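Engineer: Dropping in work.tsv, which is TSV, C-alpha atoms:
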chain	number	residue	atom	x	y	z
A	1	MET	CA	-9.02	-22.96	-4.52
A	2	TYR	CA	-8.10	-23.55	-0.87
A	3	ASP	CA	-6.06	-26.65	-1.71
A	4	ILE	CA	-4.13	-24.79	-4.43
A	5	ILE	CA	-3.21	-21.93	-2.09
A	6	ALA	CA	-2.28	-24.40	0.66
A	7	GLY	CA	-0.10	-26.33	-1.78
A	8	VAL	CA	1.65	-23.17	-2.93
A	9	VAL	CA	2.38	-22.12	0.67
A	10	ILE	CA	3.78	-25.55	1.54
A	11	GLY	CA	5.84	-25.62	-1.64
A	12	VAL	CA	7.28	-22.14	-1.11
A	13	VAL	CA	8.34	-23.04	2.44
A	14	LEU	CA	9.98	-26.30	1.36
A	15	GLY	CA	11.58	-24.72	-1.71
A	16	THR	CA	13.03	-21.96	0.46
A	17	ILE	CA	14.57	-24.53	2.79
A	18	SER	CA	16.05	-26.57	-0.05
A	19	GLY	CA	17.30	-23.46	-1.82
A	20	LEU	CA	19.08	-22.02	1.21
A	21	ILE	CA	20.75	-25.22	2.44
A	22	PRO	CA	23.66	-26.33	0.23
A	23	GLY	CA	23.32	-29.83	-1.15
A	24	ILE	CA	19.55	-30.14	-0.74
A	25	HIS	CA	17.46	-30.00	-3.91
A	26	ALA	CA	13.76	-29.59	-4.60
A	27	ASN	CA	13.80	-33.28	-5.65
A	28	THR	CA	14.53	-34.07	-2.00
A	29	MET	CA	11.52	-32.09	-0.86
A	30	ALA	CA	9.35	-33.90	-3.43
A	31	GLY	CA	10.45	-37.19	-1.88
A	32	ILE	CA	9.60	-35.90	1.59
A	33	LEU	CA	6.14	-34.86	0.42
A	34	LEU	CA	5.58	-38.30	-1.10
A	35	SER	CA	6.52	-39.92	2.20
A	36	VAL	CA	3.89	-37.88	4.09
A	37	GLN	CA	1.32	-37.80	1.32
A	38	ARG	CA	-1.35	-39.65	3.32
A	39	ALA	CA	-1.38	-36.96	5.99
A	40	LEU	CA	-1.28	-34.22	3.39
A	41	LEU	CA	-4.16	-35.76	1.43
A	42	VAL	CA	-6.31	-35.70	4.59
A	43	ILE	CA	-5.51	-32.05	5.20
A	44	ALA	CA	-5.64	-30.53	1.72
A	45	GLY	CA	-6.43	-33.09	-0.99
A	46	PRO	CA	-4.53	-34.58	-3.96
A	47	ALA	CA	-4.19	-31.32	-5.89
A	48	ALA	CA	-2.31	-29.73	-2.98
A	49	LEU	CA	0.32	-32.48	-3.08
A	50	ALA	CA	1.10	-31.93	-6.76
A	51	VAL	CA	0.96	-28.15	-6.40
A	52	SER	CA	3.32	-28.20	-3.41
A	53	MET	CA	5.89	-30.28	-5.33
A	54	PHE	CA	5.92	-27.99	-8.34
A	55	SER	CA	5.87	-24.85	-6.19
A	56	ALA	CA	8.88	-26.15	-4.26
A	57	LEU	CA	10.73	-26.67	-7.54
A	58	ILE	CA	9.97	-23.15	-8.78
A	59	THR	CA	10.89	-21.59	-5.44
A	60	HIS	CA	14.17	-23.49	-5.30
A	61	THR	CA	15.23	-22.05	-8.68
A	62	PHE	CA	15.13	-18.58	-7.12
A	63	LEU	CA	16.52	-19.19	-3.61
A	64	ASP	CA	19.50	-21.35	-4.60
A	65	ALA	CA	21.21	-18.15	-5.76
A	66	VAL	CA	21.71	-17.13	-2.12
A	67	PRO	CA	24.23	-19.83	-1.05
A	68	ALA	CA	25.83	-19.63	-4.51
A	69	ALA	CA	26.62	-15.94	-4.01
A	70	PHE	CA	27.19	-15.71	-0.25
A	71	LEU	CA	29.03	-19.00	0.30
A	72	GLY	CA	30.25	-20.06	-3.14
A	73	VAL	CA	28.56	-23.47	-2.88
A	74	PRO	CA	26.89	-24.75	-6.08
A	75	ASP	CA	24.17	-27.20	-6.91
A	76	ALA	CA	23.44	-28.69	-10.33
A	77	ASP	CA	21.74	-25.52	-11.57
A	78	THR	CA	24.16	-22.91	-10.21
A	79	ALA	CA	27.39	-24.83	-10.88
A	80	ILE	CA	28.91	-22.31	-13.28
A	81	SER	CA	27.16	-19.12	-12.18
A	82	VAL	CA	28.61	-19.60	-8.68
A	83	LEU	CA	31.94	-18.35	-10.01
A	84	PRO	CA	30.88	-14.80	-11.00
A	85	SER	CA	28.47	-14.69	-8.05
A	86	HIS	CA	31.18	-15.45	-5.53
A	87	ARG	CA	33.53	-13.00	-7.27
A	88	MET	CA	30.90	-10.28	-6.80
A	89	CYS	CA	30.63	-11.27	-3.14
A	90	LEU	CA	34.36	-10.67	-2.71
A	91	GLU	CA	33.85	-7.27	-4.36
A	92	GLY	CA	31.13	-6.33	-1.87
A	93	ARG	CA	28.28	-6.97	-4.35
A	94	ALA	CA	26.80	-10.28	-3.16
A	95	GLY	CA	23.36	-8.71	-2.78
A	96	GLU	CA	23.48	-7.50	-6.37
A	97	ALA	CA	24.38	-11.00	-7.58
A	98	VAL	CA	21.35	-12.43	-5.80
A	99	ARG	CA	19.07	-9.71	-7.17
A	100	LEU	CA	20.32	-10.27	-10.71
A	101	SER	CA	19.54	-13.96	-10.41
A	102	ALA	CA	16.07	-13.19	-9.06
A	103	ILE	CA	15.40	-10.77	-11.93
A	104	GLY	CA	16.51	-13.47	-14.35
A	105	GLY	CA	14.11	-15.91	-12.70
A	106	ALA	CA	11.23	-13.45	-13.05
A	107	PHE	CA	12.19	-12.87	-16.68
A	108	GLY	CA	12.28	-16.62	-17.27
A	109	THR	CA	8.83	-17.03	-15.73
A	110	ALA	CA	7.31	-14.32	-17.92
A	111	ILE	CA	8.71	-15.77	-21.15
A	112	SER	CA	8.19	-19.42	-20.23
A	113	LEU	CA	4.42	-19.16	-19.92
A	114	PRO	CA	3.79	-18.36	-23.62
A	115	LEU	CA	6.63	-20.72	-24.62
A	116	PHE	CA	4.87	-23.45	-22.68
A	117	ALA	CA	1.97	-23.47	-25.15
A	118	ALA	CA	4.29	-23.64	-28.16
A	119	PHE	CA	6.27	-26.53	-26.69
A	120	TYR	CA	3.15	-28.35	-25.54
A	121	PHE	CA	1.40	-28.32	-28.92
A	122	LEU	CA	4.23	-28.28	-31.49
A	123	LEU	CA	7.17	-30.33	-30.25
A	124	PRO	CA	5.54	-33.73	-29.53
A	125	SER	CA	5.25	-34.41	-33.26
A	126	LEU	CA	9.00	-33.79	-33.60
A	127	GLN	CA	10.07	-35.85	-30.60
A	128	GLY	CA	11.19	-38.83	-32.69
A	129	TYR	CA	13.69	-36.67	-34.56
A	130	ILE	CA	14.82	-34.98	-31.33
A	131	ASP	CA	15.54	-38.35	-29.68
A	132	TRP	CA	17.62	-39.43	-32.66
A	133	TRP	CA	19.70	-36.24	-32.67
A	134	ILE	CA	20.21	-35.82	-28.92
A	135	GLY	CA	23.69	-37.36	-28.83
A	136	ILE	CA	24.90	-35.24	-31.76
A	137	ILE	CA	23.41	-32.11	-30.16
A	138	LEU	CA	25.28	-32.78	-26.93
A	139	ILE	CA	28.57	-33.36	-28.75
A	140	THR	CA	28.03	-30.10	-30.65
A	141	PHE	CA	27.47	-28.20	-27.41
A	142	ALA	CA	30.59	-29.78	-25.88
A	143	GLY	CA	32.64	-28.90	-28.95
A	144	ILE	CA	31.58	-25.26	-28.84
A	145	LEU	CA	32.47	-25.04	-25.14
A	146	ILE	CA	35.93	-26.46	-25.77
A	147	LEU	CA	36.80	-24.57	-28.97
A	148	GLN	CA	35.77	-21.20	-27.54
A	149	SER	CA	37.90	-21.58	-24.42
A	150	GLU	CA	41.23	-19.90	-23.73
A	151	SER	CA	43.11	-23.16	-24.39
A	152	PRO	CA	41.16	-25.80	-26.33
A	153	GLU	CA	43.80	-28.44	-25.53
A	154	TRP	CA	43.58	-27.95	-21.77
A	155	SER	CA	39.80	-27.52	-21.93
A	156	PHE	CA	39.46	-30.83	-23.77
A	157	ALA	CA	41.67	-32.52	-21.19
A	158	VAL	CA	39.65	-31.09	-18.29
A	159	PHE	CA	36.39	-31.99	-20.03
A	160	MET	CA	37.50	-35.60	-20.51
A	161	VAL	CA	38.96	-36.05	-17.02
A	162	SER	CA	35.88	-34.58	-15.36
A	163	GLY	CA	33.74	-36.65	-17.72
A	164	ILE	CA	35.50	-39.85	-16.75
A	165	LEU	CA	35.02	-38.93	-13.10
A	166	GLY	CA	31.33	-38.36	-13.87
A	167	LEU	CA	31.12	-41.77	-15.57
A	168	LEU	CA	32.61	-43.44	-12.50
A	169	THR	CA	30.26	-41.50	-10.23
A	170	PHE	CA	27.15	-42.48	-12.20
A	171	ARG	CA	28.31	-46.06	-12.77
A	172	TYR	CA	28.99	-46.74	-9.10
A	173	SER	CA	26.33	-44.46	-7.61
A	174	TRP	CA	24.90	-47.50	-5.83
A	175	LEU	CA	27.87	-47.22	-3.45
A	176	SER	CA	26.54	-43.85	-2.27
A	177	TRP	CA	24.27	-43.75	0.76
A	178	ASN	CA	21.84	-41.52	-1.20
A	179	THR	CA	20.38	-40.22	2.05
A	180	LEU	CA	18.57	-37.41	0.22
A	181	GLY	CA	17.38	-39.44	-2.75
A	182	ASP	CA	18.75	-40.95	-5.94
A	183	SER	CA	20.49	-37.77	-7.10
A	184	SER	CA	22.46	-37.26	-3.87
A	185	PHE	CA	25.66	-38.56	-5.46
A	186	LEU	CA	25.80	-35.43	-7.64
A	187	MET	CA	26.41	-33.30	-4.56
A	188	PRO	CA	30.09	-34.24	-3.96
A	189	LEU	CA	30.81	-34.25	-7.70
A	190	LEU	CA	29.61	-30.69	-8.32
A	191	THR	CA	30.72	-29.34	-4.94
A	192	GLY	CA	34.27	-30.49	-5.58
A	193	LEU	CA	34.45	-29.27	-9.18
A	194	PHE	CA	32.83	-25.86	-8.71
A	195	GLY	CA	32.75	-25.18	-4.96
A	196	ILE	CA	35.68	-26.33	-2.85
A	197	SER	CA	38.17	-25.88	-5.70
A	198	VAL	CA	37.16	-22.20	-5.78
A	199	LEU	CA	37.05	-21.67	-2.02
A	200	LEU	CA	40.56	-23.10	-1.56
A	201	HIS	CA	41.94	-20.06	-3.37
A	202	THR	CA	40.11	-17.47	-1.29
A	203	LYS	CA	42.60	-14.76	-0.42
A	204	GLN	CA	43.44	-13.52	3.05
A	205	GLY	CA	41.56	-10.48	4.27
A	206	LYS	CA	38.19	-9.27	5.50
A	207	MET	CA	35.04	-9.55	3.46
A	208	PRO	CA	34.42	-6.06	2.05
A	209	LEU	CA	31.47	-3.96	3.03
A	210	GLN	CA	28.48	-5.43	1.22
A	211	GLU	CA	26.63	-2.64	-0.53
A	212	ASN	CA	22.95	-2.51	-1.36
A	213	ASN	CA	22.80	-0.32	-4.45
A	214	GLY	CA	20.38	-2.11	-6.76
A	215	VAL	CA	21.78	-3.60	-9.97
A	216	SER	CA	24.38	-2.28	-12.40
A	217	LEU	CA	23.09	-3.94	-15.58
A	218	LEU	CA	21.14	-1.83	-18.04
A	219	MET	CA	17.62	-2.96	-18.94
A	220	ARG	CA	18.65	-3.94	-22.47
A	221	ASP	CA	21.43	-6.14	-21.08
A	222	ILE	CA	19.02	-7.74	-18.63
A	223	ALA	CA	16.61	-8.42	-21.49
A	224	LYS	CA	19.37	-9.93	-23.63
A	225	SER	CA	20.67	-12.11	-20.82
A	226	GLY	CA	17.19	-13.13	-19.74
A	227	THR	CA	16.26	-14.11	-23.30
A	228	ALA	CA	19.41	-16.19	-23.73
A	229	GLY	CA	18.91	-17.88	-20.37
A	230	THR	CA	15.24	-18.59	-20.96
A	231	PHE	CA	16.02	-20.19	-24.31
A	232	ALA	CA	18.75	-22.29	-22.66
A	233	GLY	CA	16.38	-23.39	-19.92
A	234	ALA	CA	13.68	-24.18	-22.47
A	235	VAL	CA	16.06	-26.41	-24.43
A	236	VAL	CA	17.21	-28.19	-21.28
A	237	GLY	CA	13.65	-28.54	-20.02
A	238	TRP	CA	12.73	-30.51	-23.12
A	239	LEU	CA	15.98	-32.30	-23.98
A	240	PRO	CA	17.44	-34.89	-21.60
A	241	GLY	CA	21.01	-34.76	-20.38
A	242	LEU	CA	21.95	-31.12	-21.02
A	243	SER	CA	22.49	-29.05	-17.89
A	244	ASN	CA	21.41	-25.43	-17.51
A	245	ALA	CA	25.02	-24.49	-16.90
A	246	SER	CA	26.39	-26.02	-20.12
A	247	ALA	CA	23.52	-24.72	-22.26
A	248	ASN	CA	23.99	-21.25	-20.78
A	249	ALA	CA	27.70	-21.34	-21.50
A	250	VAL	CA	27.07	-22.02	-25.19
A	251	LEU	CA	24.25	-19.51	-25.56
A	252	ALA	CA	26.27	-16.88	-23.70
A	253	SER	CA	28.73	-17.05	-26.57
A	254	VAL	CA	25.95	-16.81	-29.15
A	255	PHE	CA	24.43	-13.75	-27.45
A	256	ARG	CA	27.89	-12.35	-26.58
A	257	ILE	CA	27.33	-12.45	-22.83
A	258	GLU	CA	30.49	-12.34	-20.70
A	259	LYS	CA	30.70	-15.69	-18.90
A	260	GLU	CA	32.34	-14.14	-15.85
A	261	GLY	CA	29.97	-11.19	-15.55
A	262	GLU	CA	26.62	-10.03	-14.27
A	263	GLY	CA	24.75	-10.96	-17.44
A	264	PHE	CA	25.66	-14.61	-17.01
A	265	ILE	CA	24.15	-14.63	-13.51
A	266	THR	CA	20.92	-13.19	-14.91
A	267	ALA	CA	20.90	-15.73	-17.73
A	268	THR	CA	21.39	-18.61	-15.31
A	269	GLY	CA	18.53	-17.41	-13.10
A	270	ALA	CA	16.26	-17.27	-16.16
A	271	ALA	CA	17.42	-20.69	-17.34
A	272	ASN	CA	16.77	-22.42	-14.03
A	273	THR	CA	13.18	-21.17	-13.80
A	274	ALA	CA	12.43	-21.73	-17.50
A	275	ASN	CA	13.80	-25.25	-17.17
A	276	ALA	CA	11.25	-26.03	-14.45
A	277	PHE	CA	8.29	-24.74	-16.46
A	278	LEU	CA	9.29	-26.44	-19.72
A	279	ALA	CA	10.06	-29.70	-17.93
A	280	LEU	CA	6.39	-29.60	-16.91
A	281	ALA	CA	5.45	-29.19	-20.57
A	282	ALA	CA	7.49	-32.27	-21.49
A	283	PHE	CA	5.80	-34.20	-18.68
A	284	TYR	CA	2.28	-33.39	-19.83
A	285	ALA	CA	2.90	-33.48	-23.58
A	286	ILE	CA	5.09	-36.58	-24.02
A	287	SER	CA	5.09	-38.16	-20.52
A	288	ARG	CA	8.84	-37.62	-20.07
A	289	THR	CA	10.17	-36.88	-16.58
A	290	ARG	CA	13.12	-34.46	-16.70
A	291	ASN	CA	13.74	-34.18	-12.94
A	292	GLY	CA	12.89	-35.82	-9.65
A	293	VAL	CA	9.89	-33.58	-9.06
A	294	MET	CA	8.28	-34.76	-12.32
A	295	VAL	CA	8.94	-38.37	-11.29
A	296	ALA	CA	7.25	-37.69	-7.96
A	297	LEU	CA	4.29	-36.06	-9.72
A	298	SER	CA	3.80	-39.17	-11.82
A	299	GLN	CA	3.27	-41.23	-8.65
A	300	GLY	CA	-0.04	-39.61	-7.75
A	301	ASP	CA	-3.17	-37.96	-9.10
A	302	ILE	CA	-2.15	-35.36	-11.68
A	303	PRO	CA	-4.21	-32.13	-11.71
A	304	PRO	CA	-4.92	-30.16	-14.91
A	305	VAL	CA	-1.85	-28.49	-16.35
A	306	THR	CA	-3.45	-25.05	-15.94
A	307	THR	CA	-3.63	-25.65	-12.19
A	308	LEU	CA	0.10	-26.26	-11.92
A	309	LEU	CA	0.94	-23.33	-14.20
A	310	PHE	CA	-1.16	-21.00	-12.05
A	311	ALA	CA	0.47	-22.37	-8.90
A	312	GLY	CA	3.92	-22.04	-10.46
A	313	ALA	CA	3.29	-18.38	-11.30
A	314	LEU	CA	2.17	-17.69	-7.72
A	315	ALA	CA	5.21	-19.51	-6.34
A	316	ALA	CA	7.51	-17.55	-8.67
A	317	PHE	CA	6.09	-14.25	-7.40
A	318	ALA	CA	6.51	-15.31	-3.77
A	319	ALA	CA	10.02	-16.67	-4.39
A	320	TYR	CA	11.09	-13.51	-6.22
A	321	THR	CA	9.92	-11.39	-3.30
A	322	LEU	CA	11.73	-13.62	-0.78
A	323	THR	CA	14.95	-13.63	-2.79
A	324	ILE	CA	15.00	-9.84	-3.15
A	325	PHE	CA	14.38	-9.54	0.60
A	326	LEU	CA	17.20	-11.96	1.46
A	327	SER	CA	19.60	-10.18	-0.88
A	328	GLY	CA	19.70	-7.40	1.71
A	329	SER	CA	21.19	-9.78	4.28
A	330	ALA	CA	24.53	-9.72	2.44
A	331	SER	CA	25.65	-6.98	4.84
A	332	LEU	CA	25.88	-9.64	7.57
A	333	PHE	CA	29.04	-10.92	5.86
A	334	SER	CA	30.81	-7.56	5.96
A	335	GLY	CA	34.08	-7.71	7.91
A	336	ILE	CA	34.21	-11.50	8.19
A	337	ASP	CA	37.59	-13.08	7.47
A	338	ALA	CA	37.12	-14.34	3.90
A	339	ARG	CA	39.61	-17.18	4.15
A	340	LYS	CA	38.25	-18.44	7.46
A	341	LEU	CA	34.72	-18.29	6.08
A	342	GLY	CA	35.86	-20.24	3.02
A	343	PHE	CA	37.42	-22.99	5.11
A	344	ALA	CA	34.37	-23.08	7.39
A	345	VAL	CA	32.14	-23.61	4.34
A	346	ILE	CA	34.51	-26.31	3.04
A	347	GLY	CA	34.26	-28.11	6.37
A	348	PHE	CA	30.48	-27.79	6.42
A	349	VAL	CA	29.89	-29.14	2.91
A	350	THR	CA	32.43	-31.94	3.46
A	351	ILE	CA	30.48	-33.08	6.52
A	352	LEU	CA	27.25	-32.84	4.50
A	353	CYS	CA	28.72	-34.92	1.69
A	354	LEU	CA	29.90	-37.57	4.13
A	355	ALA	CA	26.54	-37.63	5.90
A	356	PHE	CA	24.47	-37.75	2.71
A	357	THR	CA	26.63	-39.94	0.45
A	358	GLY	CA	29.01	-41.81	2.75
A	359	PRO	CA	32.65	-42.78	2.10
A	360	PHE	CA	31.98	-43.10	-1.64
A	361	GLY	CA	30.86	-39.47	-1.76
A	362	LEU	CA	33.94	-38.36	0.18
A	363	ILE	CA	36.23	-40.05	-2.36
A	364	ILE	CA	34.35	-38.40	-5.25
A	365	LEU	CA	34.55	-35.05	-3.45
A	366	ILE	CA	38.35	-35.32	-3.15
A	367	LEU	CA	38.83	-36.40	-6.79
A	368	ALA	CA	36.44	-33.71	-8.03
A	369	THR	CA	38.25	-31.03	-6.02
A	370	MET	CA	41.60	-32.10	-7.49
A	371	THR	CA	40.10	-31.94	-11.00
A	372	GLY	CA	38.51	-28.56	-10.30
A	373	LEU	CA	41.88	-27.12	-9.29
A	374	VAL	CA	43.40	-27.77	-12.73
A	375	PRO	CA	41.70	-24.83	-14.53
A	376	TYR	CA	43.07	-22.44	-11.90
A	377	TYR	CA	46.65	-23.55	-12.46
A	378	VAL	CA	46.47	-23.59	-16.27
A	379	ASN	CA	44.52	-20.31	-16.36
A	380	ILE	CA	41.29	-21.41	-18.07
A	381	ARG	CA	37.67	-21.15	-17.00
A	382	ARG	CA	36.03	-24.01	-15.11
A	383	ILE	CA	33.25	-24.43	-17.68
A	384	PRO	CA	34.82	-27.61	-19.20
A	385	CYS	CA	34.33	-29.30	-15.82
A	386	ILE	CA	30.68	-29.65	-16.83
A	387	GLY	CA	31.92	-32.69	-18.76
A	388	ALA	CA	31.22	-34.54	-15.50
A	389	VAL	CA	27.53	-34.41	-16.46
A	390	MET	CA	27.68	-34.12	-20.24
A	391	LEU	CA	30.00	-37.04	-21.05
A	392	PRO	CA	27.92	-39.66	-19.18
A	393	VAL	CA	24.76	-38.49	-20.96
A	394	ILE	CA	26.52	-38.51	-24.35
A	395	CYS	CA	27.59	-42.09	-23.72
A	396	TRP	CA	24.07	-42.98	-22.61
A	397	SER	CA	22.52	-41.39	-25.71
A	398	PHE	CA	24.64	-43.65	-27.95
A	399	GLY	CA	23.81	-46.75	-25.95
A	400	LEU	CA	27.25	-47.03	-24.38
A	401	LEU	CA	25.84	-47.01	-20.85
Please express the file's structure as structure tokens.

Structural biologist:
Amino acid sequence: MYDIIAGVVIGVVLGTISGLIPGIHANTMAGILLSVQRALLVIAGPAALAVSMFSALITHTFLDAVPAAFLGVPDADTAISVLPSHRMCLEGRAGEAVRLSAIGGAFGTAISLPLFAAFYFLLPSLQGYIDWWIGIILITFAGILILQSESPEWSFAVFMVSGILGLLTFRYSWLSWNTLGDSSFLMPLLTGLFGISVLLHTKQGKMPLQENNGVSLLMRDIAKSGTAGTFAGAVVGWLPGLSNASANAVLASVFRIEKEGEGFITATGAANTANAFLALAAFYAISRTRNGVMVALSQGDIPPVTTLLFAGALAAFAAYTLTIFLSGSASLFSGIDARKLGFAVIGFVTILCLAFTGPFGLIILILATMTGLVPYYVNIRRIPCIGAVMLPVICWSFGLL
């Protein structure tokens, strides 16, 4: 029991660090743990290593809402939800955005645990059919995103341009320094499409007084959003190549959740956490690794699945508590010049991209920012920019990559 608790504590600390620093993912922390595994094995044993990796992943899914709301900087999981979160920050409701995401994560945890059993026992027998249909499923999701947009023509154009940029990024990822691991090249791609392109249009003026008045969503709306997000995360956790953001965008339409509103933030929080739990189900049931943490887990002694589920639930409780606590720090941004803060964040993430991915990453960051500016000027949402991830996977699913 000692090694499990120790692993959870280590994982929560590392997941908090990765969640709060833009551009660093829980996959990075898993790599760090692998590099020091000999020392960790002496201190706590093999179970602690696996527990700490999974706990870091769960914790990250909660804490990454903080930079998304306060700074407007996305990672792969918060790419689309950063838009309504940052809007709420400019309205003086950044703390509420963080709390809504945390509530969604708690909702996702509660629903994912019983879903885990269903996925674990029922879906392996259907995996052959799922693999065959994956490309068609992805095209269907992309089609729904485009057809339900304000301008399908412009949305298709943005989807294709961002998709081509994604293809180039994946194809030539070996040019990236990959300082933080093999997925580092995604940082400039997503930061340009969903981060800098938003921050460049920050208006002059002081950040409004950040209030701390709980949440405005009714319980039934939270339940609806949490259910939609959990289902999206469950699908993504089992299927390869579909991001939480794109799945959420489609299911938001199905459940009639406003993509620019509070419900979407809650749904994304639920999706991110559900994704982590159901990715673990895929790992144990069919030996598929859906993220870097699962790859890292496969490199060592794997504890019983019940051990990791118990540790994940503990980490989720700790992460929820931490996120709610940090949501109160939004008041620190009151009165700050919004435009200066935006440019300071742009400078910071640009330096990070250059340090972590090198000149290749800087070029991708510039091209992605230019692409991300198009939706603003043609007055459509940025959701089609998720083509940067979806199009490469669609091509891969049909054997074109």

Engineer: Just the number, please: distance in Å from CA of Val236 (chain A) to CA of Leu186 (chain A), one decimal.

Structural biologist: 17.7 Å

Engineer: Mind pulling up the distance from CA of Gly92 (chain A) to CA of Gly335 (chain A)?

Structural biologist: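 Result for CA of Gly335 (chain A) versus CA of Gly92 (chain A): 10.3 Å, one decimal.
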
Engineer: From the list A:Pro304, A:Gly263, A:Pro392, A:Gly226, which residue is nearest Thr109 (chain A) when using only C-alpha atoms?

Structural biologist: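 Residue with the minimum atom-to-atom distance to Thr109 (chain A): A:Gly226.
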
Engineer: What's the 7 Å shell around region 1-3 of chain A, counting only C-alpha atoms, without same-chain residues fewer than 2 positions away, as a PyMOL selection string?

Structural biologist: chain A and resi 5-7+44-45+47-48

Engineer: Can you work out which one of A:Thr16, A:Thr307, A:Ser397, A:Thr357 has the shortest atom-to-atom distance to Ala50 (chain A), counting all atoms listed in the file?

Structural biologist: A:Thr307

Engineer: With only C-alpha atoms as the atoms that count, which of A:Val198, A:Ala315, A:Ile346, A:Ile351 lies nearest to Ser52 (chain A)?

Structural biologist: A:Ala315

Engineer: Select, from A:Ala232, A:Thr273, A:Phe159, A:Lys224, the residue with the minimum atom-to-atom distance to Phe317 (chain A), counting only C-alpha atoms.

Structural biologist: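 Selected residue with least distance to Phe317 (chain A): A:Thr273.
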